[in-house]
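Here's my_file20.txt, which has compact mmCIF, C-alpha atoms and all ligand atoms:
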```
# COMPACT_ATOMS: atom_id res chain seq x y z
CA MET A 129 163.17 119.92 118.96
CA VAL A 130 161.85 117.64 121.69
CA HIS A 131 158.09 117.71 122.20
CA HIS A 132 157.13 117.19 125.78
CA PHE A 133 153.59 115.97 125.18
CA GLN A 134 153.78 112.88 123.02
CA TYR A 135 152.66 109.27 122.67
CA ARG A 136 154.73 106.41 124.03
CA HIS A 137 153.47 102.86 123.64
CA GLY A 138 150.08 104.19 122.54
CA GLU A 139 149.61 106.49 125.51
CA LEU A 140 150.03 110.24 125.83
CA TYR A 141 152.86 111.33 128.12
CA ALA A 142 153.84 114.65 129.63
CA GLU A 143 157.62 114.54 129.69
CA ASP A 144 158.22 111.11 131.32
CA VAL A 145 154.89 110.75 133.09
CA ALA A 146 151.86 108.89 131.71
CA ILE A 147 148.98 111.36 131.76
CA ALA A 148 146.52 108.62 132.74
CA ASP A 149 148.53 108.11 135.96
CA ILE A 150 148.21 111.79 136.85
CA ALA A 151 144.48 111.68 136.12
CA SER A 152 143.95 108.72 138.41
CA GLU A 153 145.58 110.62 141.26
CA VAL A 154 144.28 114.13 140.61
CA GLY A 155 140.90 113.45 139.01
CA THR A 156 139.65 115.45 136.02
CA PRO A 157 139.61 118.06 134.59
CA PHE A 158 143.07 119.55 135.12
CA TYR A 159 145.68 121.72 133.46
CA LEU A 160 149.05 120.09 132.91
CA TYR A 161 152.29 121.99 132.29
CA SER A 162 155.73 120.89 131.21
CA ARG A 163 158.56 122.59 133.04
CA ALA A 164 160.97 121.75 130.20
CA THR A 165 158.78 123.38 127.55
CA PHE A 166 158.27 126.54 129.60
CA THR A 167 161.99 126.75 130.19
CA ARG A 168 162.80 126.26 126.52
CA HIS A 169 160.40 129.01 125.45
CA ILE A 170 161.85 131.57 127.86
CA LYS A 171 165.39 130.65 126.86
CA VAL A 172 164.67 130.95 123.13
CA MET A 173 163.87 134.62 123.64
CA GLN A 174 166.74 135.28 126.04
CA GLU A 175 169.25 133.61 123.73
CA ALA A 176 168.06 135.51 120.65
CA PHE A 177 169.21 138.71 122.35
CA ALA A 178 172.05 137.36 124.47
CA ASP A 179 174.59 139.71 122.90
CA ARG A 180 172.82 142.93 123.95
CA PRO A 181 171.00 144.40 126.96
CA THR A 182 167.58 142.76 126.98
CA LEU A 183 164.91 141.87 129.50
CA VAL A 184 162.35 139.15 128.89
CA ALA A 185 159.41 140.31 131.02
CA TYR A 186 157.02 137.37 130.89
CA ALA A 187 153.38 138.52 130.61
CA VAL A 188 152.02 137.15 133.88
CA LYS A 189 148.42 137.32 132.67
CA ALA A 190 149.01 134.33 130.38
CA ASN A 191 149.58 132.00 133.33
CA SER A 192 150.23 133.33 136.80
CA ASN A 193 150.54 130.24 138.98
CA GLN A 194 153.21 130.69 141.66
CA ALA A 195 155.11 127.63 140.42
CA ILE A 196 155.26 129.08 136.90
CA LEU A 197 156.42 132.47 138.19
CA LYS A 198 159.03 130.83 140.39
CA LEU A 199 160.35 129.10 137.27
CA VAL A 200 160.35 132.44 135.42
CA ALA A 201 162.34 133.99 138.29
CA SER A 202 164.83 131.13 138.35
CA LEU A 203 165.53 131.69 134.65
CA GLY A 204 166.42 135.31 135.27
CA ALA A 205 163.36 136.63 133.45
CA GLY A 206 161.17 139.50 134.65
CA ALA A 207 157.45 140.16 134.54
CA ASP A 208 154.87 142.32 132.86
CA VAL A 209 151.95 142.75 135.26
CA VAL A 210 148.59 144.46 134.82
CA SER A 211 147.12 144.53 138.32
CA LEU A 212 148.05 144.65 141.98
CA GLY A 213 147.20 140.97 142.21
CA GLU A 214 149.67 140.10 139.45
CA LEU A 215 152.28 142.37 141.00
CA MET A 216 151.89 140.58 144.34
CA ARG A 217 152.15 137.23 142.59
CA ALA A 218 155.39 138.28 140.89
CA GLU A 219 156.75 139.66 144.17
CA ARG A 220 155.89 136.51 146.10
CA ALA A 221 157.52 134.31 143.47
CA GLY A 222 160.75 136.25 143.90
CA ILE A 223 160.86 138.12 140.57
CA PRO A 224 163.15 141.09 141.33
CA SER A 225 161.24 144.38 141.39
CA ASP A 226 163.66 146.02 138.97
CA LYS A 227 162.61 143.43 136.38
CA ILE A 228 158.90 144.20 136.67
CA VAL A 229 156.99 146.49 134.31
CA PHE A 230 153.40 147.51 135.04
CA SER A 231 150.98 147.82 132.10
CA GLY A 232 147.22 148.44 131.98
CA VAL A 233 144.88 151.36 131.34
CA ALA A 234 143.30 151.73 134.78
CA LYS A 235 146.03 151.76 137.43
CA THR A 236 144.57 152.81 140.77
CA HIS A 237 146.19 155.01 143.43
CA GLU A 238 146.70 151.89 145.51
CA GLU A 239 148.40 150.00 142.67
CA ILE A 240 150.69 152.90 141.85
CA ALA A 241 151.71 153.39 145.48
CA TYR A 242 152.42 149.69 146.00
CA ALA A 243 154.53 149.52 142.83
CA LEU A 244 156.46 152.67 143.76
CA ASN A 245 157.23 151.33 147.21
CA MET A 246 158.41 148.09 145.67
CA GLY A 247 160.67 149.92 143.23
CA ILE A 248 159.53 148.43 139.94
CA LYS A 249 161.41 148.99 136.68
CA CYS A 250 158.70 151.22 135.23
CA PHE A 251 155.06 152.00 134.69
CA ASN A 252 153.90 151.53 131.11
CA ALA A 253 151.61 154.54 131.18
CA GLU A 254 148.60 154.41 128.91
CA SER A 255 147.20 157.95 129.17
CA GLU A 256 148.02 161.50 130.25
CA PRO A 257 145.64 161.44 133.24
CA GLU A 258 147.47 158.32 134.39
CA LEU A 259 150.83 160.10 134.14
CA LEU A 260 149.50 162.94 136.24
CA ARG A 261 148.19 160.48 138.82
CA ILE A 262 151.53 158.64 138.96
CA ASN A 263 153.25 162.02 139.47
CA GLU A 264 150.88 162.90 142.29
CA VAL A 265 151.28 159.56 144.09
CA ALA A 266 155.06 159.70 143.68
CA LYS A 267 155.07 163.19 145.13
CA SER A 268 153.09 162.06 148.17
CA LEU A 269 155.64 159.29 148.76
CA GLY A 270 158.64 161.50 148.06
CA LYS A 271 159.69 159.37 145.11
CA ILE A 272 160.51 159.74 141.43
CA ALA A 273 158.45 157.35 139.31
CA PRO A 274 160.10 155.71 136.29
CA VAL A 275 157.66 155.82 133.38
CA SER A 276 157.46 154.56 129.86
CA VAL A 277 154.73 155.67 127.49
CA ARG A 278 152.69 153.03 125.73
CA ILE A 279 152.39 154.20 122.16
CA ASN A 280 149.41 153.23 120.07
CA PRO A 281 150.97 152.95 116.61
CA ASN A 282 147.61 152.49 114.82
CA VAL A 283 148.64 149.31 113.03
CA ASP A 284 146.35 146.42 112.23
CA ALA A 285 147.81 143.32 113.89
CA LYS A 286 145.57 141.13 111.65
CA THR A 287 144.40 139.06 114.57
CA HIS A 288 141.01 138.42 116.21
CA ALA A 289 139.25 141.76 116.84
CA LYS A 290 138.88 140.96 120.54
CA ILE A 291 142.63 140.60 121.02
CA SER A 292 143.81 143.46 118.82
CA THR A 293 145.21 146.36 120.85
CA GLY A 294 147.26 148.64 118.57
CA LYS A 295 144.63 150.34 116.46
CA ALA A 296 143.44 153.89 116.99
CA GLU A 297 139.98 152.56 117.93
CA ASN A 298 141.41 150.48 120.83
CA LYS A 299 141.54 151.81 124.39
CA PHE A 300 145.25 151.09 124.76
CA GLY A 301 148.15 153.54 124.66
CA ILE A 302 148.61 157.11 123.53
CA PRO A 303 148.35 158.05 119.82
CA PHE A 304 151.87 158.07 118.35
CA GLU A 305 151.35 161.54 116.91
CA ARG A 306 151.22 162.91 120.46
CA ALA A 307 154.40 161.25 121.73
CA ASN A 308 156.56 164.37 121.75
CA GLU A 309 154.00 166.39 123.66
CA VAL A 310 153.54 163.64 126.23
CA TYR A 311 157.27 163.27 126.86
CA GLN A 312 157.38 167.05 127.28
CA THR A 313 154.65 166.78 129.93
CA ILE A 314 156.69 164.10 131.70
CA ALA A 315 159.76 166.36 131.65
CA GLU A 316 157.70 169.04 133.36
CA CYS A 317 156.49 166.73 136.15
CA ASP A 318 158.91 166.81 139.09
CA HIS A 319 158.14 163.30 140.21
CA LEU A 320 158.30 161.50 136.85
CA LYS A 321 161.30 160.27 134.95
CA ALA A 322 160.88 159.01 131.39
CA VAL A 323 162.92 155.83 131.06
CA GLY A 324 161.37 154.03 128.16
CA ILE A 325 158.85 153.72 125.40
CA ASP A 326 156.40 150.86 125.04
CA MET A 327 153.98 149.21 122.64
CA HIS A 328 151.85 146.09 122.38
CA ILE A 329 149.72 145.72 119.27
CA GLY A 330 147.76 142.56 120.02
CA SER A 331 147.92 138.86 120.68
CA GLN A 332 148.12 135.66 118.58
CA ILE A 333 149.74 137.60 115.73
CA THR A 334 150.75 135.23 112.94
CA ASP A 335 152.18 137.69 110.45
CA LEU A 336 155.46 139.57 110.98
CA GLU A 337 154.48 142.59 108.91
CA PRO A 338 152.46 144.42 111.58
CA PHE A 339 155.37 143.96 114.01
CA ASP A 340 157.80 145.21 111.38
CA ASN A 341 155.72 148.33 110.76
CA ALA A 342 155.22 149.07 114.44
CA PHE A 343 158.89 148.55 115.37
CA LYS A 344 159.99 150.81 112.51
CA LEU A 345 157.69 153.50 113.81
CA MET A 346 159.06 153.04 117.34
CA ALA A 347 162.66 153.39 116.11
CA GLU A 348 161.77 156.63 114.34
CA LEU A 349 160.03 157.92 117.43
CA VAL A 350 162.99 157.11 119.69
CA GLU A 351 165.28 159.08 117.38
CA LYS A 352 162.89 162.02 117.21
CA LEU A 353 162.44 162.03 120.97
CA GLY A 354 166.22 161.88 121.44
CA ASN A 355 166.64 164.91 119.17
CA ALA A 356 164.07 166.74 121.29
CA GLY A 357 166.13 165.99 124.40
CA HIS A 358 164.17 163.00 125.68
CA LYS A 359 166.65 160.18 126.14
CA ILE A 360 164.99 156.77 125.92
CA GLU A 361 166.77 154.04 127.91
CA HIS A 362 164.65 151.08 126.90
CA ILE A 363 162.21 150.08 124.19
CA ASP A 364 159.49 147.66 125.22
CA VAL A 365 158.09 145.85 122.20
CA GLY A 366 155.26 144.12 124.09
CA GLY A 367 154.28 140.54 123.33
CA GLY A 368 151.84 139.16 120.82
CA LEU A 369 153.69 136.48 118.87
CA GLY A 370 151.20 133.78 117.87
CA ILE A 371 151.61 130.04 118.36
CA PRO A 372 150.40 127.11 116.26
CA TYR A 373 147.02 125.91 117.53
CA ASP A 374 146.32 123.57 114.63
CA ASN A 375 147.83 122.49 111.35
CA SER A 376 145.90 124.98 109.27
CA ASN A 377 147.26 127.65 106.96
CA GLN A 378 147.91 130.19 109.72
CA VAL A 379 151.36 129.00 110.74
CA PRO A 380 152.94 131.63 112.98
CA PRO A 381 156.54 132.68 112.48
CA GLU A 382 159.26 130.96 114.48
CA PRO A 383 160.42 132.93 117.54
CA MET A 384 163.81 133.44 115.86
CA ALA A 385 162.17 135.06 112.83
CA TYR A 386 160.29 137.38 115.17
CA ALA A 387 163.51 138.17 117.05
CA GLN A 388 165.17 139.04 113.74
CA ILE A 389 162.43 141.61 113.03
CA VAL A 390 162.97 143.16 116.46
CA ARG A 391 166.71 143.28 115.89
CA LYS A 392 166.45 144.60 112.34
CA ASN A 393 164.49 147.61 113.52
CA LEU A 394 165.90 148.33 116.96
CA ASN A 395 169.37 146.82 117.35
CA HIS A 396 171.20 149.95 116.17
CA LEU A 397 169.66 152.07 118.93
CA ASP A 398 171.52 152.52 122.19
CA CYS A 399 168.63 151.12 124.23
CA GLU A 400 167.81 148.05 126.25
CA ILE A 401 165.10 145.92 124.63
CA VAL A 402 162.23 144.68 126.78
CA LEU A 403 160.02 141.86 125.53
CA GLU A 404 156.68 140.87 127.07
CA PRO A 405 155.89 137.44 125.65
CA GLY A 406 152.96 135.59 127.20
CA ARG A 407 151.33 133.08 124.88
CA MET A 408 154.59 132.23 123.12
CA VAL A 409 156.03 131.10 126.45
CA ALA A 410 153.04 129.46 128.10
CA GLY A 411 150.67 128.36 125.30
CA ASN A 412 152.28 125.17 124.13
CA ALA A 413 153.82 124.43 127.53
CA GLY A 414 150.42 123.35 128.80
CA ILE A 415 147.51 121.11 127.92
CA PHE A 416 144.13 120.53 129.47
CA ILE A 417 142.86 117.06 130.39
CA THR A 418 139.19 116.18 130.54
CA LYS A 419 137.17 112.96 130.75
CA VAL A 420 134.33 111.79 128.53
CA GLU A 421 131.09 111.49 130.48
CA TYR A 422 128.72 110.56 127.66
CA VAL A 423 128.71 110.05 123.92
CA LYS A 424 125.40 111.17 122.53
CA GLU A 425 124.25 110.70 118.95
CA GLY A 426 122.38 113.87 118.01
CA ALA A 427 120.22 114.24 114.90
CA GLU A 428 122.92 116.11 113.00
CA ARG A 429 126.13 115.29 114.76
CA GLN A 430 127.72 113.44 117.62
CA PHE A 431 128.21 115.15 120.96
CA VAL A 432 131.14 114.05 123.05
CA ILE A 433 130.11 115.36 126.45
CA VAL A 434 133.07 115.92 128.74
CA ASP A 435 133.51 116.94 132.37
CA ALA A 436 135.08 120.32 131.51
CA GLY A 437 133.25 123.40 130.35
CA MET A 438 133.62 126.98 129.28
CA ASN A 439 134.19 127.93 132.90
CA ASP A 440 137.42 125.89 132.77
CA LEU A 441 138.57 126.82 129.25
CA LEU A 442 136.87 129.92 127.91
CA ARG A 443 138.81 130.53 124.72
CA PRO A 444 136.62 128.55 122.27
CA THR A 445 133.48 130.23 123.59
CA LEU A 446 134.94 133.72 123.72
CA TYR A 447 137.04 133.81 120.56
CA GLU A 448 135.91 130.71 118.64
CA SER A 449 139.48 129.54 119.20
CA TYR A 450 140.63 126.24 117.81
CA HIS A 451 142.31 123.79 120.18
CA THR A 452 143.37 120.39 118.89
CA VAL A 453 141.71 117.57 120.84
CA GLN A 454 143.59 114.26 121.13
CA PRO A 455 142.74 111.06 122.94
CA VAL A 456 145.10 110.17 125.79
CA LYS A 457 144.93 106.54 124.62
CA GLU A 458 146.29 106.78 121.09
CA ASP A 459 143.73 105.97 118.41
CA ALA A 460 144.61 106.74 114.82
CA LYS A 461 141.05 106.17 113.56
CA LEU A 462 139.00 109.32 113.25
CA GLN A 463 135.24 109.01 112.92
CA GLU A 464 133.44 109.69 109.64
CA ARG A 465 130.72 111.59 111.38
CA MET A 466 131.33 115.16 112.51
CA GLY A 467 131.19 115.79 116.21
CA ASP A 468 131.41 118.48 118.87
CA VAL A 469 133.17 118.25 122.22
CA VAL A 470 130.83 119.97 124.64
CA GLY A 471 130.80 120.60 128.36
CA PRO A 472 128.33 120.43 131.24
CA VAL A 473 127.59 124.16 131.47
CA CYS A 474 124.04 125.17 130.61
CA GLU A 475 124.97 127.50 127.74
CA THR A 476 124.75 126.80 124.02
CA GLY A 477 128.21 128.32 123.64
CA ASP A 478 129.74 125.82 126.03
CA TYR A 479 132.02 123.85 123.76
CA ILE A 480 135.67 122.94 123.45
CA ALA A 481 135.68 121.81 119.82
CA LYS A 482 133.12 122.10 117.08
CA GLY A 483 132.53 120.28 113.80
CA ARG A 484 135.52 117.96 114.02
CA HIS A 485 136.23 114.44 112.91
CA LEU A 486 136.82 113.19 116.43
CA PRO A 487 138.57 110.02 117.55
CA HIS A 488 136.44 107.07 118.66
CA VAL A 489 135.87 107.58 122.35
CA GLU A 490 133.75 106.06 125.08
CA GLU A 491 132.59 107.03 128.52
CA GLY A 492 135.57 107.29 130.87
CA ASP A 493 138.16 107.99 128.15
CA LEU A 494 140.53 110.91 128.65
CA LEU A 495 140.95 113.69 126.11
CA ALA A 496 143.82 116.14 125.89
CA VAL A 497 143.02 119.65 124.73
CA MET A 498 146.28 120.95 123.35
CA SER A 499 147.94 124.40 123.50
CA ALA A 500 146.07 125.37 126.67
CA GLY A 501 148.93 126.69 128.80
CA ALA A 502 148.22 130.36 128.11
CA TYR A 503 144.93 132.09 128.92
CA GLY A 504 143.48 128.79 130.12
CA ALA A 505 143.51 128.39 133.90
CA VAL A 506 143.82 132.16 134.42
CA MET A 507 140.57 132.81 132.58
CA SER A 508 138.61 130.09 134.34
CA GLY A 509 135.65 130.79 136.58
CA THR A 510 133.10 129.02 138.71
CA TYR A 511 129.90 129.52 136.68
CA ASN A 512 127.29 126.83 137.41
CA THR A 513 129.00 126.44 140.81
CA ARG A 514 131.80 124.44 139.28
CA PRO A 515 135.01 124.41 141.35
CA LEU A 516 138.19 125.75 139.73
CA CYS A 517 140.07 122.74 138.44
CA ALA A 518 143.50 121.51 139.46
CA GLU A 519 146.81 122.51 137.88
CA VAL A 520 149.76 120.14 137.67
CA MET A 521 153.40 120.60 136.61
CA VAL A 522 155.61 117.79 135.37
CA ASP A 523 159.36 117.75 135.50
CA GLY A 524 160.94 114.64 133.99
CA ASP A 525 159.40 111.67 135.76
CA GLN A 526 157.87 113.63 138.64
CA PHE A 527 154.77 115.77 138.91
CA HIS A 528 153.34 118.14 141.44
CA ILE A 529 149.86 119.59 141.97
CA ILE A 530 150.62 123.31 141.71
CA ARG A 531 147.02 124.22 142.52
CA PRO A 532 144.63 121.75 144.08
CA ARG A 533 141.08 121.51 142.80
CA GLN A 534 138.80 123.91 144.64
CA THR A 535 136.48 122.23 147.10
CA TYR A 536 132.72 122.78 147.29
CA GLU A 537 133.30 124.34 150.67
CA ASP A 538 135.74 126.85 149.09
CA LEU A 539 132.98 127.73 146.67
CA ILE A 540 129.91 127.87 148.87
CA GLY A 541 131.40 128.61 152.27
CA GLN A 542 132.34 132.21 151.35
CA ASP A 543 128.71 133.26 150.96
CA SER A 544 127.32 135.13 153.92
CA VAL A 545 123.63 135.10 154.78
CA PRO A 546 122.35 138.18 156.66
CA ASP A 547 120.74 137.45 160.04
CA TRP A 548 117.53 139.14 158.84
CA LEU A 549 116.87 136.38 156.36
C1 LIG B 1 150.66 144.89 127.60
C2 LIG B 1 150.72 143.46 127.21
N1 LIG B 1 151.92 142.87 127.13
C3 LIG B 1 152.04 141.56 126.80
C4 LIG B 1 150.93 140.78 126.53
C5 LIG B 1 151.14 139.35 126.18
O1 LIG B 1 150.66 139.05 124.94
P1 LIG B 1 150.90 137.62 124.31
O2 LIG B 1 150.40 136.62 125.25
O3 LIG B 1 150.11 137.66 123.06
O4 LIG B 1 152.36 137.49 124.04
C6 LIG B 1 149.66 141.36 126.59
C7 LIG B 1 148.45 140.59 126.23
O5 LIG B 1 148.03 140.67 125.10
C8 LIG B 1 149.55 142.73 126.95
O6 LIG B 1 148.35 143.30 127.06
N1 LIG B 2 142.92 136.11 126.51
C1 LIG B 2 143.33 136.11 125.14
C2 LIG B 2 144.49 136.94 124.85
C3 LIG B 2 144.37 138.32 125.36
C4 LIG B 2 145.69 138.88 125.57
C5 LIG B 2 145.71 139.86 126.67
N2 LIG B 2 145.82 141.24 126.18
C6 LIG B 2 143.42 134.72 124.60
O1 LIG B 2 143.08 133.79 125.22
O2 LIG B 2 143.82 134.51 123.50
```
Show me this structure written as C-alpha cells.
Amino acid sequence: MVHHFQYRHGELYAEDVAIADIASEVGTPFYLYSRATFTRHIKVMQEAFADRPTLVAYAVKANSNQAILKLVASLGAGADVVSLGELMRAERAGIPSDKIVFSGVAKTHEEIAYALNMGIKCFNAESEPELLRINEVAKSLGKIAPVSVRINPNVDAKTHAKISTGKAENKFGIPFERANEVYQTIAECDHLKAVGIDMHIGSQITDLEPFDNAFKLMAELVEKLGNAGHKIEHIDVGGGLGIPYDNSNQVPPEPMAYAQIVRKNLNHLDCEIVLEPGRMVAGNAGIFITKVEYVKEGAERQFVIVDAGMNDLLRPTLYESYHTVQPVKEDAKLQERMGDVVGPVCETGDYIAKGRHLPHVEEGDLLAVMSAGAYGAVMSGTYNTRPLCAEVMVDGDQFHIIRPRQTYEDLIGQDSVPDWL
C-alpha cells in the first residue's frame, strides 16, 4: 500500500509535494489532505461489497469541506448527514439526494421539511416523537417520508465513553426490544414508509466483536420484522471502524476484516447494505501542520510551544486522544527528556501531545500531527480570537487551498455594537 505522507530526501511530502513548500505559501497552522488516500479509503469499502447492492454513505461530520464532498460525489458515494448545514453541504457538492441519509436525535421541523423537499433516501429516526413529527411534516407537504429506525442494540463498543453510542444509557436510537412496536406505529402513520433499519454503536472501535454482536442482532430483527409484515429494504450498519493513531497495542482491524463481519451477518438477507464510515475514510487522509514558536525547558519537562492550539485540533483535549507528532524535516534522533507539545491557548488542557520523547526541534521548525483528517478541522473553533486555520488538498504534484485561513476581519467584523453603547 502506498502511503501518501512520507519522507523523501529527509523531508516530509504529501503525495508529490514538499510540505515545507505548502507552508511557505499558506502559512501555519493548516490541515493537509491527500486526495489519493481519501479516494483509496472510499474505494476499499465500495469494492468489499461490489457484488451486492450497497451504498457507502460517507459520514459528513468527519470532514465536510466542499472539496472533500465533491470528491465523495465523484466516487459515487453518498452521505450521512446530521444537520441542515451538513445536508446543504452535501447538496451543494452534488451528492445525489437519493444517496443521502439523515441521522441525529434532534431533527427540527425545518430540517425535516428541507430533506423531504429534496427527496433524501431516508431519515434515520431516533425516537417515536421524531417519527410522529416526520409524519406530521410529510402530511403538511403532501409527501410520504421514507424512514429507517435507529436501533440501540445495547452493546458495549469498548471505545472511549464520550464516543460510545450503542449502549442503553446513550441518547441514541430506540431500544431494540421495542422495534416491532415502533415499526407497527410507522405502518399506522399515513405519511411514513419504513424502508430500512439502522444502527451506529460508536466511533474509533478497534475490536470486531461488538460489531459482530450488533450485526447479528440486526439480522435477527430484520427476520422478525419481516415475519410481522414489515419488509426491510436496507440495513444501515453505521460507521465506527477505528484507525491506527499510534503503534501501540490497540491496532484496529483492517477494513476488509470489518467488511467480512458485515457480510457474515447480513449478506444472506435480501437487503441493500448502507455503510456510514467517517473516520476510516478521512482520518488518515489528513494531517495537521504547525510551526514551533518556542522551546521552553520547564522544571519537569520540555514544552514545545507551537502556533496551533486546542481550538484548531480539539481531540487531545477532549478525549485525551493520541496523535503521532513528526518533524517535517526528518530527524531520527528522539530526545531523552520527555516533552509536551502545547499550544497558545490560555487553558491548561491546551496540548497536542503529552509526555513524549519528541524529536529535536527549534523555533521555526514545522511539525506534522498525523491522522488528523477526521474530526479535526470540523471541530475547530475560534476561542482566544484565533482565526480558523487553512485547509489544503494535494493531488499528485499540485495543491489547492480548499479553505483559506479566516481573517481577523472575518472574526471581529461580525460583532455588532448597539447604538446605545
Ligand atoms: C450516525 C453516525 N453515523 C456514522 C458516524 C461515523 O462514525 P465514524 O467516524 O466512527 O466512522 C457517526 C459518528 O460517530 C454517527 O453518529
Ligand atoms: N468527534 C469524535 C468522534 C465522534 C463521532 C461522532 N458521533 C472524535 O474526534 O473522535
Once you count only C-alpha atoms, what closest atom pair and distance in Å to one decimal does each residue of region 337-397 of chain A within 8 Å of region 407-413 of chain A have, with rows by chain and rising residue number, as a Markdown table?
```
| residue | atom | partner | partner_atom | distance |
| --- | --- | --- | --- | --- |
| A:Gly368 | CA | A:Arg407 | CA | 7.3 |
| A:Leu369 | CA | A:Met408 | CA | 6.1 |
| A:Gly370 | CA | A:Met408 | CA | 6.4 |
| A:Ile371 | CA | A:Met408 | CA | 6.0 |
```
All residues having an atom within 8 Å of ligand LIG 2 (chain B) (only C-alpha atoms and all ligand atoms) as a list in words =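 The neighbouring residues of ligand LIG 2 (chain B) are, in order, Lys189, Ala190, Lys290, Ile291, Ser292, Thr293, Gly330, Ser331, Gln332, Gly368, Arg407, Leu442, Arg443, Tyr447, Ser449, Ala502, Tyr503, Gly504 and Met507 of chain A.
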Contacts of region 512-523 of chain A at 6 Å or less, counting only C-alpha atoms, minus same-chain residues fewer than 4 places along, as a VMD selection string?
-> chain A and resid 158 to 163 527 to 534
Just how far from CA of Leu336 (chain A) is CA of Val283 (chain A), in Å to one decimal?
-> 12.1 Å
Separating CA of Ile329 (chain A) from CA of Ile196 (chain A), to the nearest tenth of an Å, is a gap of 24.9 Å
Selection near region 397-405 of chain A, 8 Å with only C-alpha atoms, sequence-local residues under 6 positions removed, as an MDAnalysis selection string | chainID A and resid 180:187 207:208 347 360:369
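Shell of region 416-424 of chain A at 7 Å, with all atoms listed in the file counted and residues fewer than 5 places along the chain excluded, is Thr156, Pro157, Phe158, Tyr159, Leu160, Gln430, Phe431, Val432, Ile433, Val434, Asp435, Ala436, Glu490, Glu491, Gly492, Asp493, Leu494, Leu495, Ala496, Val497, Met498 and Ala500 of chain A.
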Given all atoms listed in the file as the counted atoms, nearest of A:Leu215, A:Val456, A:Ala296, A:Met173 to Ala148 (chain A) = A:Val456
Between A:Ala221, A:Ile228, A:Ala176, A:Met216, which is the closest to ligand LIG 1 (chain B) once you count all atoms listed in the file?
-> A:Ile228
Nearest residue to Thr287 (chain A) from the set A:Ala201, A:Pro380, A:Ala315, A:Gly206 (distances using only C-alpha atoms) |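 Nearest to Thr287 (chain A): A:Pro380.
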Using only C-alpha atoms and all ligand atoms: which of A:Lys267, A:Arg278, A:Lys359, A:Lys457 has the shortest distance to ligand LIG 1 (chain B) =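 Using only C-alpha atoms and all ligand atoms, ligand LIG 1 (chain B) sits closest to A:Arg278.
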Length of the CA of Gly232 (chain A) to CA of Asp440 (chain A) vector [Å] |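 Separation of CA of Gly232 (chain A) and CA of Asp440 (chain A): 24.6 Å.
Distance annotation: of A:Glu239, A:Asp326, A:Asp149, A:Glu256, the residue with the minimal separation from ligand LIG 1 (chain B) is A:Asp326; atom set is only C-alpha atoms and all ligand atoms.
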Spatial neighbours of His132 (chain A), 8 Å, only C-alpha atoms, chain gap at least 5 places, as an NGL selection string | :A and (141-143 or 162 or 164-165)
Please enclose the listed atoms of ligand LIG 1 (chain B) in an axis-aligned box, pad each side by 6 Å, and write out the centre and the three edge lengths in Å, rounded to one decimal, as AutoDock Vina command-line options.
```
--center_x 150.2 --center_y 140.8 --center_z 125.3 --size_x 16.3 --size_y 20.3 --size_z 16.5
```
For Val275 (chain A), the nearest of the candidates A:Arg136, A:Lys235, A:Lys299, A:Lys321, counting only C-alpha atoms | A:Lys321
Write out N, CA and C atoms for region 483-496 of chain A, as an mmCIF file, keeping the file's coordinate frame.
```cif
data_model
loop_
_atom_site.group_PDB
_atom_site.id
_atom_site.type_symbol
_atom_site.label_atom_id
_atom_site.label_comp_id
_atom_site.auth_asym_id
_atom_site.auth_seq_id
_atom_site.Cartn_x
_atom_site.Cartn_y
_atom_site.Cartn_z
ATOM 1 N N GLY A 483 132.462 120.729 115.194
ATOM 2 C CA GLY A 483 132.530 120.280 113.800
ATOM 3 C C GLY A 483 133.835 119.596 113.450
ATOM 4 N N ARG A 484 134.256 118.662 114.280
ATOM 5 C CA ARG A 484 135.520 117.960 114.020
ATOM 6 C C ARG A 484 135.264 116.494 113.686
ATOM 7 N N HIS A 485 136.212 115.897 112.997
ATOM 8 C CA HIS A 485 136.230 114.440 112.910
ATOM 9 C C HIS A 485 136.981 113.975 114.156
ATOM 10 N N LEU A 486 136.223 113.527 115.124
ATOM 11 C CA LEU A 486 136.820 113.190 116.430
ATOM 12 C C LEU A 486 137.277 111.738 116.460
ATOM 13 N N PRO A 487 138.193 111.432 117.377
ATOM 14 C CA PRO A 487 138.570 110.020 117.550
ATOM 15 C C PRO A 487 137.400 109.238 118.152
ATOM 16 N N HIS A 488 137.442 107.920 117.997
ATOM 17 C CA HIS A 488 136.440 107.070 118.660
ATOM 18 C C HIS A 488 136.685 107.142 120.149
ATOM 19 N N VAL A 489 135.687 107.564 120.893
ATOM 20 C CA VAL A 489 135.870 107.580 122.350
ATOM 21 C C VAL A 489 134.645 106.999 123.039
ATOM 22 N N GLU A 490 134.843 106.616 124.272
ATOM 23 C CA GLU A 490 133.750 106.060 125.080
ATOM 24 C C GLU A 490 133.767 106.728 126.438
ATOM 25 N N GLU A 491 132.683 106.532 127.139
ATOM 26 C CA GLU A 491 132.590 107.030 128.520
ATOM 27 C C GLU A 491 133.840 106.627 129.317
ATOM 28 N N GLY A 492 134.391 107.596 130.033
ATOM 29 C CA GLY A 492 135.570 107.290 130.870
ATOM 30 C C GLY A 492 136.898 107.568 130.186
ATOM 31 N N ASP A 493 136.894 107.712 128.838
ATOM 32 C CA ASP A 493 138.160 107.990 128.150
ATOM 33 C C ASP A 493 138.644 109.406 128.459
ATOM 34 N N LEU A 494 139.942 109.581 128.412
ATOM 35 C CA LEU A 494 140.530 110.910 128.650
ATOM 36 C C LEU A 494 140.835 111.588 127.324
ATOM 37 N N LEU A 495 140.591 112.890 127.283
ATOM 38 C CA LEU A 495 140.950 113.690 126.110
ATOM 39 C C LEU A 495 141.932 114.768 126.533
ATOM 40 N N ALA A 496 142.868 115.058 125.635
ATOM 41 C CA ALA A 496 143.820 116.140 125.890
ATOM 42 C C ALA A 496 143.492 117.289 124.949
#
```
